$ cat final.txt   # compact mmCIF, C-alpha atoms
# COMPACT_ATOMS: atom_id res chain seq x y z
CA MET A 1084 42.73 15.11 -109.19
CA THR A 1085 41.84 11.83 -110.86
CA THR A 1086 38.76 11.26 -112.92
CA THR A 1087 37.06 7.88 -112.82
CA VAL A 1088 35.92 6.74 -116.21
CA THR A 1089 33.13 4.18 -116.32
CA PRO A 1090 33.98 1.50 -118.83
CA PRO A 1091 31.48 0.91 -121.57
CA GLU A 1092 29.17 -2.06 -121.32
CA THR A 1093 30.60 -5.20 -122.71
CA GLU A 1094 28.83 -7.25 -125.33
CA SER A 1095 28.01 -9.96 -122.76
CA ALA A 1096 26.37 -7.42 -120.45
CA LYS A 1097 24.28 -6.07 -123.29
CA ALA A 1098 23.26 -9.58 -124.22
CA THR A 1099 22.09 -10.43 -120.69
CA LYS A 1100 20.19 -7.16 -120.18
CA PRO A 1101 16.43 -7.82 -120.33
CA PRO A 1102 14.61 -6.23 -123.25
CA ARG A 1103 12.61 -3.09 -122.58
CA LEU A 1104 8.90 -3.85 -122.55
CA PRO A 1105 6.43 -1.62 -124.31
CA LYS A 1106 4.38 0.70 -122.13
CA SER A 1107 1.16 -1.27 -122.65
CA ALA A 1108 2.82 -4.47 -121.35
CA ARG A 1109 4.16 -2.95 -118.12
CA ALA A 1110 2.43 -3.24 -114.78
CA GLY A 1111 -0.49 -0.84 -114.66
CA GLY A 1112 -0.39 -0.15 -118.40
CA GLN A 1113 -3.52 -0.36 -120.51
CA LEU A 1114 -3.86 -3.13 -123.05
CA HIS A 1115 -5.33 -2.14 -126.39
CA GLY A 1116 -7.11 -4.64 -128.59
CA GLY A 1117 -6.81 -4.80 -132.32
CA PRO A 1118 -9.57 -4.29 -134.90
CA VAL A 1119 -10.51 -7.99 -134.81
CA ALA A 1120 -11.08 -7.86 -131.05
CA TYR A 1121 -13.21 -4.74 -131.37
CA ALA A 1122 -15.25 -6.30 -134.19
CA ILE A 1123 -15.93 -9.41 -132.09
CA LEU A 1124 -16.97 -7.28 -129.11
CA VAL A 1125 -19.32 -5.21 -131.27
CA VAL A 1126 -20.95 -8.36 -132.69
CA PHE A 1127 -21.42 -9.89 -129.24
CA THR A 1128 -22.85 -6.62 -127.92
CA ILE A 1129 -25.37 -6.38 -130.74
CA VAL A 1130 -26.43 -10.01 -130.29
CA SER A 1131 -26.80 -9.53 -126.53
CA LEU A 1132 -28.85 -6.35 -126.84
CA PHE A 1133 -31.09 -7.54 -129.68
CA PRO A 1134 -33.72 -9.35 -127.50
CA LEU A 1135 -34.14 -6.28 -125.28
CA VAL A 1136 -34.33 -3.92 -128.25
CA TRP A 1137 -36.81 -6.17 -130.04
CA THR A 1138 -38.98 -6.30 -126.90
CA ALA A 1139 -39.06 -2.51 -126.82
CA ILE A 1140 -39.87 -2.35 -130.55
CA ALA A 1141 -42.71 -4.87 -130.20
CA ALA A 1142 -44.05 -2.98 -127.17
CA SER A 1143 -44.21 0.21 -129.25
CA ARG A 1144 -46.38 -1.34 -131.99
CA ASP A 1145 -49.92 -2.69 -132.13
CA ASN A 1146 -50.93 -6.33 -132.37
CA GLN A 1147 -51.95 -6.05 -136.02
CA ARG A 1148 -48.54 -4.72 -137.11
CA LEU A 1149 -46.71 -7.45 -135.19
CA ALA A 1150 -48.66 -10.11 -137.08
CA GLN A 1151 -47.49 -8.82 -140.47
CA THR A 1152 -44.54 -10.12 -142.45
CA PRO A 1153 -41.85 -8.87 -142.30
CA PRO A 1154 -42.08 -7.78 -138.66
CA PRO A 1155 -41.19 -4.20 -137.71
CA PHE A 1156 -37.58 -3.39 -136.99
CA TRP A 1157 -38.00 0.12 -135.66
CA PHE A 1158 -39.96 1.81 -132.91
CA GLY A 1159 -43.57 2.85 -133.28
CA SER A 1160 -45.67 5.44 -131.50
CA ASN A 1161 -47.58 3.23 -129.04
CA LEU A 1162 -44.82 2.53 -126.52
CA PHE A 1163 -45.97 4.71 -123.64
CA ASN A 1164 -49.62 3.90 -124.27
CA ASN A 1165 -48.95 0.15 -124.15
CA LEU A 1166 -46.78 0.53 -121.04
CA GLU A 1167 -49.57 2.42 -119.28
CA ILE A 1168 -52.18 -0.19 -120.22
CA ALA A 1169 -49.91 -3.06 -119.14
CA TRP A 1170 -49.13 -1.33 -115.84
CA LYS A 1171 -52.82 -0.93 -115.01
CA ASP A 1172 -54.13 -4.24 -116.36
CA ALA A 1173 -51.50 -6.36 -114.61
CA ASN A 1174 -51.44 -4.25 -111.43
CA LEU A 1175 -47.66 -4.09 -111.76
CA GLY A 1176 -47.26 -1.59 -108.94
CA GLU A 1177 -48.27 -4.17 -106.34
CA ALA A 1178 -46.44 -6.90 -108.25
CA PHE A 1179 -43.20 -4.89 -108.17
CA PHE A 1180 -43.52 -4.40 -104.42
CA ASN A 1181 -44.22 -8.09 -103.81
CA THR A 1182 -41.38 -9.28 -106.03
CA THR A 1183 -38.90 -6.81 -104.54
CA LEU A 1184 -39.84 -8.01 -101.06
CA VAL A 1185 -39.53 -11.70 -102.00
CA ALA A 1186 -36.30 -11.28 -103.98
CA GLY A 1187 -34.69 -9.00 -101.38
CA ILE A 1188 -35.42 -11.27 -98.42
CA SER A 1189 -34.33 -14.36 -100.34
CA ALA A 1190 -31.10 -12.79 -101.62
CA VAL A 1191 -30.01 -11.45 -98.22
CA THR A 1192 -30.83 -14.70 -96.41
CA ILE A 1193 -29.16 -16.88 -99.02
CA VAL A 1194 -26.01 -14.75 -98.96
CA CYS A 1195 -25.69 -14.86 -95.15
CA LEU A 1196 -26.48 -18.56 -94.74
CA SER A 1197 -24.37 -19.60 -97.74
CA THR A 1198 -21.38 -17.63 -96.46
CA ILE A 1199 -21.58 -19.24 -93.02
CA ALA A 1200 -22.09 -22.73 -94.46
CA GLY A 1201 -19.38 -22.19 -97.07
CA PHE A 1202 -16.94 -21.14 -94.34
CA ALA A 1203 -17.77 -24.27 -92.35
CA PHE A 1204 -17.22 -26.56 -95.34
CA ALA A 1205 -14.07 -24.71 -96.43
CA LYS A 1206 -12.16 -24.14 -93.18
CA LEU A 1207 -13.66 -26.12 -90.31
CA ARG A 1208 -12.82 -29.74 -89.62
CA PHE A 1209 -15.68 -31.99 -88.51
CA ARG A 1210 -16.81 -35.55 -89.06
CA GLY A 1211 -18.76 -36.16 -92.25
CA ARG A 1212 -17.79 -32.87 -93.87
CA ASN A 1213 -17.01 -34.32 -97.30
CA ALA A 1214 -20.10 -36.55 -97.29
CA MET A 1215 -22.35 -33.63 -96.38
CA MET A 1216 -20.78 -31.50 -99.11
CA LEU A 1217 -21.45 -34.26 -101.64
CA ILE A 1218 -25.08 -34.32 -100.53
CA VAL A 1219 -25.33 -30.54 -101.00
CA ILE A 1220 -23.84 -30.81 -104.49
CA GLY A 1221 -26.13 -33.75 -105.26
CA THR A 1222 -29.22 -31.65 -104.56
CA MET A 1223 -28.14 -29.33 -107.37
CA MET A 1224 -28.61 -32.22 -109.83
CA VAL A 1225 -32.25 -32.81 -108.87
CA PRO A 1226 -34.68 -30.97 -111.17
CA PRO A 1227 -36.72 -28.46 -109.14
CA GLN A 1228 -39.91 -29.67 -110.83
CA LEU A 1229 -39.69 -32.93 -108.86
CA SER A 1230 -40.18 -31.10 -105.56
CA VAL A 1231 -43.22 -29.11 -106.65
CA ILE A 1232 -45.88 -31.61 -105.51
CA PRO A 1233 -44.51 -32.37 -101.99
CA LEU A 1234 -43.68 -28.69 -101.49
CA TYR A 1235 -47.20 -27.67 -102.49
CA MET A 1236 -48.67 -30.23 -100.08
CA MET A 1237 -46.60 -28.75 -97.24
CA VAL A 1238 -47.66 -25.21 -98.13
CA ALA A 1239 -51.30 -26.26 -98.29
CA LYS A 1240 -51.12 -27.90 -94.85
CA LEU A 1241 -49.63 -24.69 -93.45
CA ASP A 1242 -52.45 -22.72 -95.10
CA TRP A 1243 -49.94 -20.52 -96.92
CA THR A 1244 -51.46 -20.68 -100.40
CA ASP A 1245 -51.98 -17.28 -102.03
CA GLN A 1246 -49.56 -15.74 -99.52
CA LEU A 1247 -46.05 -14.44 -100.12
CA GLN A 1248 -44.45 -16.59 -97.41
CA ALA A 1249 -45.21 -19.60 -99.60
CA VAL A 1250 -42.74 -18.14 -102.11
CA ILE A 1251 -40.24 -16.71 -99.62
CA PHE A 1252 -39.54 -19.67 -97.33
CA PRO A 1253 -38.68 -22.29 -100.00
CA SER A 1254 -36.11 -19.88 -101.47
CA LEU A 1255 -34.19 -19.04 -98.29
CA VAL A 1256 -31.41 -21.60 -98.92
CA SER A 1257 -29.41 -22.43 -102.02
CA ALA A 1258 -27.08 -25.37 -102.62
CA PHE A 1259 -25.37 -23.39 -105.35
CA GLY A 1260 -24.75 -20.54 -102.91
CA VAL A 1261 -23.09 -22.87 -100.40
CA PHE A 1262 -20.89 -24.41 -103.09
CA PHE A 1263 -20.04 -20.99 -104.55
CA MET A 1264 -18.98 -19.50 -101.20
CA ARG A 1265 -17.03 -22.62 -100.24
CA GLN A 1266 -14.97 -22.49 -103.43
CA TYR A 1267 -14.28 -18.79 -102.93
CA LEU A 1268 -13.29 -19.01 -99.26
CA ILE A 1269 -10.93 -21.91 -99.84
CA GLN A 1270 -8.65 -19.61 -101.85
CA ALA A 1271 -9.45 -16.16 -100.48
CA LEU A 1272 -9.31 -16.87 -96.74
CA PRO A 1273 -5.88 -18.05 -95.48
CA ASP A 1274 -5.82 -20.41 -92.51
CA GLU A 1275 -3.26 -18.16 -90.79
CA ILE A 1276 -5.81 -15.37 -90.39
CA ILE A 1277 -8.28 -17.70 -88.72
CA GLU A 1278 -5.58 -19.07 -86.42
CA ALA A 1279 -4.52 -15.56 -85.47
CA ALA A 1280 -8.10 -14.67 -84.59
CA ARG A 1281 -8.35 -17.82 -82.49
CA VAL A 1282 -5.15 -16.92 -80.65
CA ASP A 1283 -6.63 -13.49 -79.85
CA GLY A 1284 -9.57 -15.26 -78.22
CA ALA A 1285 -12.18 -14.73 -80.91
CA SER A 1286 -15.15 -17.09 -80.87
CA SER A 1287 -16.45 -18.82 -84.00
CA TRP A 1288 -19.20 -16.24 -84.54
CA ARG A 1289 -16.75 -13.38 -84.03
CA VAL A 1290 -14.45 -14.94 -86.63
CA VAL A 1291 -17.38 -15.12 -89.03
CA TRP A 1292 -18.41 -11.51 -88.42
CA HIS A 1293 -14.98 -9.83 -88.35
CA VAL A 1294 -12.95 -12.10 -90.67
CA VAL A 1295 -15.14 -14.18 -92.97
CA PHE A 1296 -17.71 -11.56 -93.97
CA PRO A 1297 -15.16 -8.82 -94.87
CA THR A 1298 -13.07 -11.32 -96.85
CA ALA A 1299 -16.06 -12.75 -98.70
CA ARG A 1300 -17.63 -9.39 -99.52
CA PRO A 1301 -16.92 -9.51 -103.30
CA ALA A 1302 -18.32 -13.03 -103.63
CA MET A 1303 -21.30 -12.11 -101.44
CA ALA A 1304 -22.11 -9.21 -103.76
CA VAL A 1305 -22.00 -11.47 -106.82
CA LEU A 1306 -24.08 -14.17 -105.15
CA GLY A 1307 -26.62 -11.62 -103.94
CA MET A 1308 -27.01 -10.26 -107.46
CA LEU A 1309 -27.44 -13.74 -108.95
CA MET A 1310 -29.99 -14.80 -106.35
CA PHE A 1311 -31.94 -11.55 -106.69
CA VAL A 1312 -32.19 -11.99 -110.45
CA GLN A 1313 -33.08 -15.67 -110.13
CA THR A 1314 -35.86 -15.00 -107.62
CA TRP A 1315 -37.15 -12.04 -109.62
CA ASN A 1316 -37.43 -14.18 -112.77
CA ASP A 1317 -38.91 -17.23 -111.04
CA PHE A 1318 -42.25 -18.16 -112.59
CA LEU A 1319 -43.25 -21.80 -112.05
CA TRP A 1320 -43.52 -21.94 -108.26
CA PRO A 1321 -45.15 -18.49 -107.77
CA PHE A 1322 -47.57 -19.30 -110.59
CA LEU A 1323 -48.62 -22.53 -108.85
CA VAL A 1324 -48.85 -21.32 -105.27
CA LEU A 1325 -50.27 -17.83 -105.89
CA THR A 1326 -53.40 -19.14 -107.56
CA GLN A 1327 -55.51 -16.05 -106.88
CA THR A 1328 -54.89 -12.43 -107.86
CA GLY A 1329 -54.29 -11.14 -104.34
CA SER A 1330 -50.47 -11.06 -104.16
CA PRO A 1331 -48.92 -11.77 -107.57
CA THR A 1332 -45.26 -11.46 -108.42
CA VAL A 1333 -44.09 -9.70 -111.57
CA GLN A 1334 -43.81 -12.83 -113.68
CA VAL A 1335 -47.25 -14.08 -112.60
CA ALA A 1336 -48.79 -10.68 -113.26
CA VAL A 1337 -47.20 -10.40 -116.72
CA ALA A 1338 -48.49 -13.90 -117.57
CA GLY A 1339 -52.03 -12.58 -117.20
CA LEU A 1340 -51.58 -9.93 -119.88
CA GLY A 1341 -52.97 -10.26 -123.38
CA ARG A 1342 -55.45 -13.02 -122.53
CA GLY A 1343 -58.27 -13.51 -124.96
CA TYR A 1344 -59.16 -15.22 -128.21
CA THR A 1345 -56.33 -13.30 -129.89
CA PRO A 1346 -53.56 -12.51 -127.38
CA ASP A 1347 -52.29 -8.95 -127.59
CA GLN A 1348 -48.57 -9.50 -128.12
CA SER A 1349 -47.76 -5.81 -127.84
CA LEU A 1350 -49.17 -5.69 -124.29
CA ILE A 1351 -47.29 -8.85 -123.37
CA MET A 1352 -44.07 -7.32 -124.64
CA ALA A 1353 -44.81 -4.10 -122.77
CA GLY A 1354 -45.26 -6.04 -119.54
CA ALA A 1355 -42.07 -8.01 -120.18
CA LEU A 1356 -40.19 -4.76 -120.77
CA LEU A 1357 -41.50 -3.28 -117.51
CA GLY A 1358 -40.51 -6.45 -115.67
CA THR A 1359 -36.97 -6.27 -117.06
CA LEU A 1360 -36.25 -2.60 -116.38
CA PRO A 1361 -35.74 -2.96 -112.59
CA LEU A 1362 -33.07 -5.62 -113.15
CA LEU A 1363 -31.26 -3.38 -115.61
CA LEU A 1364 -31.43 -0.53 -113.11
CA VAL A 1365 -30.03 -2.67 -110.30
CA PHE A 1366 -27.15 -3.87 -112.44
CA ALA A 1367 -26.45 -0.33 -113.70
CA ILE A 1368 -26.17 0.88 -110.09
CA PHE A 1369 -24.25 -2.01 -108.55
CA GLY A 1370 -22.55 -3.61 -111.55
CA LYS A 1371 -19.38 -1.52 -111.34
CA GLN A 1372 -19.01 -2.16 -107.61
CA ILE A 1373 -19.48 -5.90 -108.13
CA VAL A 1374 -16.90 -6.11 -110.92
CA GLY A 1375 -14.48 -3.99 -108.90
CA GLY A 1376 -15.02 -6.22 -105.88
CA ILE A 1377 -14.29 -9.32 -107.93
CA MET A 1378 -11.04 -7.85 -109.23
CA GLN A 1379 -10.03 -6.72 -105.74
CA GLY A 1380 -10.73 -10.15 -104.31
CA ALA A 1381 -8.79 -11.80 -107.13
CA VAL A 1382 -5.74 -9.61 -106.48
CA LYS A 1383 -5.86 -10.24 -102.74
CA GLY A 1384 -6.37 -13.97 -103.23

$ encode --input "final.txt" --output "structure tokens"
Amino acid sequence: MTTTVTPPETESAKATKPPRLPKSARAGGQLHGGPVAYAILVVFTIVSLFPLVWTAIAASRDNQRLAQTPPPFWFGSNLFNNLEIAWKDANLGEAFFNTTLVAGISAVTIVCLSTIAGFAFAKLRFRGRNAMMLIVIGTMMVPPQLSVIPLYMMVAKLDWTDQLQAVIFPSLVSAFGVFFMRQYLIQALPDEIIEAARVDGASSWRVVWHVVFPTARPAMAVLGMLMFVQTWNDFLWPFLVLTQTGSPTVQVAVAGLGRGYTPDQSLIMAGALLGTLPLLLVFAIFGKQIVGGIMQGAVKG
């Protein structure tokens, strides 16, 4: 009976053997930052949270203490009292409902229309496509303040002043949304998938519903979040068109707080804090899903 002996590795084989990577550098391993990276993250976190924390501190004080020097840097005992007064004086319950309705309708409509238009500009071939895309991008360079007067004249002729549709309809489309979805679908949606759907007899709308929407879901979530926040924080146009107190949005309602010879800054800060909390709640609920969707779309793309 013979025994086979495996010869030892030669020096050349050892030289050509790839080095063994550390566990943190392998696929699926966690990367750990050093103390400098953690220090930078802590500084950025503190700087980012400071405006929100200062708003809460100012809302917990009275107007006389806020006028003193140095200003307070810790919470007082008037937070809940100021929040209650701001809620009642600004009628924020109705304002929250109105703003949620406006922002929700605008975000959903912008996401759907921008995805369809972005798919058309990204994957369909038609005459004048590049010129039309340049026009869409060009509208992003026009300051929105220039369109206030003609838009107000149109709303007045339709007798929509002091009504929510005057705020909803001008915000149903977004040039940024079209550009955003076009750039995403160019990379994330292969032409082979569309051609395969065409071979199976799918119509254009069926391709959009069964192929484009599932592929663009991560980008649609991000765009929906951005548009919801943008509409929620919009002040100029709602302030101009909702001239009465019948149907205010949150920003218009908060602007009416603290009026008087000496504005009550603590009430203004309390209203601003109440107007910010819903956005923080929305991001806390959907932020993880949005980030996970972005990473999933990046891996698939």

$ residues_around --input "final.txt" --residues "A:Leu1272" --least-positions-apart "2" --cutoff "12 Å" --atoms "all atoms listed in the file" --output "ChimeraX atom specification"
/A:1201-1202,1205-1206,1264-1270,1274-1278,1290-1291,1294-1300,1302,1380-1381,1383-1384

$ write_last_selection --input "final.txt" --atoms "C-alpha atoms" --output "PDB file, in the coordinates of the input"
ATOM      1  CA  GLY A1201     -19.380 -22.190 -97.070  1.00  0.00           C
ATOM      2  CA  PHE A1202     -16.940 -21.140 -94.340  1.00  0.00           C
ATOM      3  CA  ALA A1205     -14.070 -24.710 -96.430  1.00  0.00           C
ATOM      4  CA  LYS A1206     -12.160 -24.140 -93.180  1.00  0.00           C
ATOM      5  CA  MET A1264     -18.980 -19.500-101.200  1.00  0.00           C
ATOM      6  CA  ARG A1265     -17.030 -22.620-100.240  1.00  0.00           C
ATOM      7  CA  GLN A1266     -14.970 -22.490-103.430  1.00  0.00           C
ATOM      8  CA  TYR A1267     -14.280 -18.790-102.930  1.00  0.00           C
ATOM      9  CA  LEU A1268     -13.290 -19.010 -99.260  1.00  0.00           C
ATOM     10  CA  ILE A1269     -10.930 -21.910 -99.840  1.00  0.00           C
ATOM     11  CA  GLN A1270      -8.650 -19.610-101.850  1.00  0.00           C
ATOM     12  CA  ASP A1274      -5.820 -20.410 -92.510  1.00  0.00           C
ATOM     13  CA  GLU A1275      -3.260 -18.160 -90.790  1.00  0.00           C
ATOM     14  CA  ILE A1276      -5.810 -15.370 -90.390  1.00  0.00           C
ATOM     15  CA  ILE A1277      -8.280 -17.700 -88.720  1.00  0.00           C
ATOM     16  CA  GLU A1278      -5.580 -19.070 -86.420  1.00  0.00           C
ATOM     17  CA  VAL A1290     -14.450 -14.940 -86.630  1.00  0.00           C
ATOM     18  CA  VAL A1291     -17.380 -15.120 -89.030  1.00  0.00           C
ATOM     19  CA  VAL A1294     -12.950 -12.100 -90.670  1.00  0.00           C
ATOM     20  CA  VAL A1295     -15.140 -14.180 -92.970  1.00  0.00           C
ATOM     21  CA  PHE A1296     -17.710 -11.560 -93.970  1.00  0.00           C
ATOM     22  CA  PRO A1297     -15.160  -8.820 -94.870  1.00  0.00           C
ATOM     23  CA  THR A1298     -13.070 -11.320 -96.850  1.00  0.00           C
ATOM     24  CA  ALA A1299     -16.060 -12.750 -98.700  1.00  0.00           C
ATOM     25  CA  ARG A1300     -17.630  -9.390 -99.520  1.00  0.00           C
ATOM     26  CA  ALA A1302     -18.320 -13.030-103.630  1.00  0.00           C
ATOM     27  CA  GLY A1380     -10.730 -10.150-104.310  1.00  0.00           C
ATOM     28  CA  ALA A1381      -8.790 -11.800-107.130  1.00  0.00           C
ATOM     29  CA  LYS A1383      -5.860 -10.240-102.740  1.00  0.00           C
ATOM     30  CA  GLY A1384      -6.370 -13.970-103.230  1.00  0.00           C
TER      31      GLY A1384
END

$ atom_distance --input "final.txt" --atom1 "atom CA of A:Leu1184" --atom2 "atom CA of A:Pro1226"
25.6 Å

$ atom_distance --input "final.txt" --atom1 "atom CA of A:Leu1166" --atom2 "atom CA of A:Phe1127"
28.6 Å

$ closest_residue --input "final.txt" --among "A:Ser1286, A:Ser1143, A:Ser1131, A:Thr1314" --to "A:Thr1182" --atoms "only C-alpha atoms"
A:Thr1314

$ atom_distance --input "final.txt" --atom1 "atom CA of A:Leu1362" --atom2 "atom CA of A:Val1335"
16.5 Å

$ closest_residue --input "final.txt" --among "A:Val1261, A:Val1136, A:Met1237, A:Val1250" --to "A:Thr1222" --atoms "all atoms listed in the file"
A:Val1261

$ residues_around --input "final.txt" --residues "A:Gly1187" --least-positions-apart "2" --cutoff "12 Å" --atoms "only C-alpha atoms" --output "number ranges by chain"
A: 1179-1185, 1189-1194, 1251, 1254-1255, 1307-1315, 1365

$ residues_around --input "final.txt" --residues "A:Glu1177" --least-positions-apart "5" --cutoff "12 Å" --atoms "all atoms listed in the file" --output "list in words"
Trp1170, Lys1171, Asp1172, Thr1182, Thr1183, Leu1184, Thr1328, Gly1329, Ser1330, Pro1331, Thr1332, Val1333, Val1335 and Ala1336 of chain A

$ residues_around --input "final.txt" --residues "A:Ile1168" --least-positions-apart "3" --cutoff "10 Å" --atoms "all atoms listed in the file" --output "list in words"
Phe1163, Asn1164, Asn1165, Lys1171, Asp1172, Ala1173, Asn1174, Leu1340, Leu1350, Ala1353 and Gly1354 of chain A

$ closest_residue --input "final.txt" --among "A:Ala1120, A:Val1324, A:Met1223, A:Val1130" --to "A:Gln1246" --atoms "only C-alpha atoms"
A:Val1324

$ closest_residue --input "final.txt" --among "A:Gln1147, A:Gln1248, A:Met1216, A:Leu1363" --to "A:Ala1203" --atoms "all atoms listed in the file"
A:Met1216
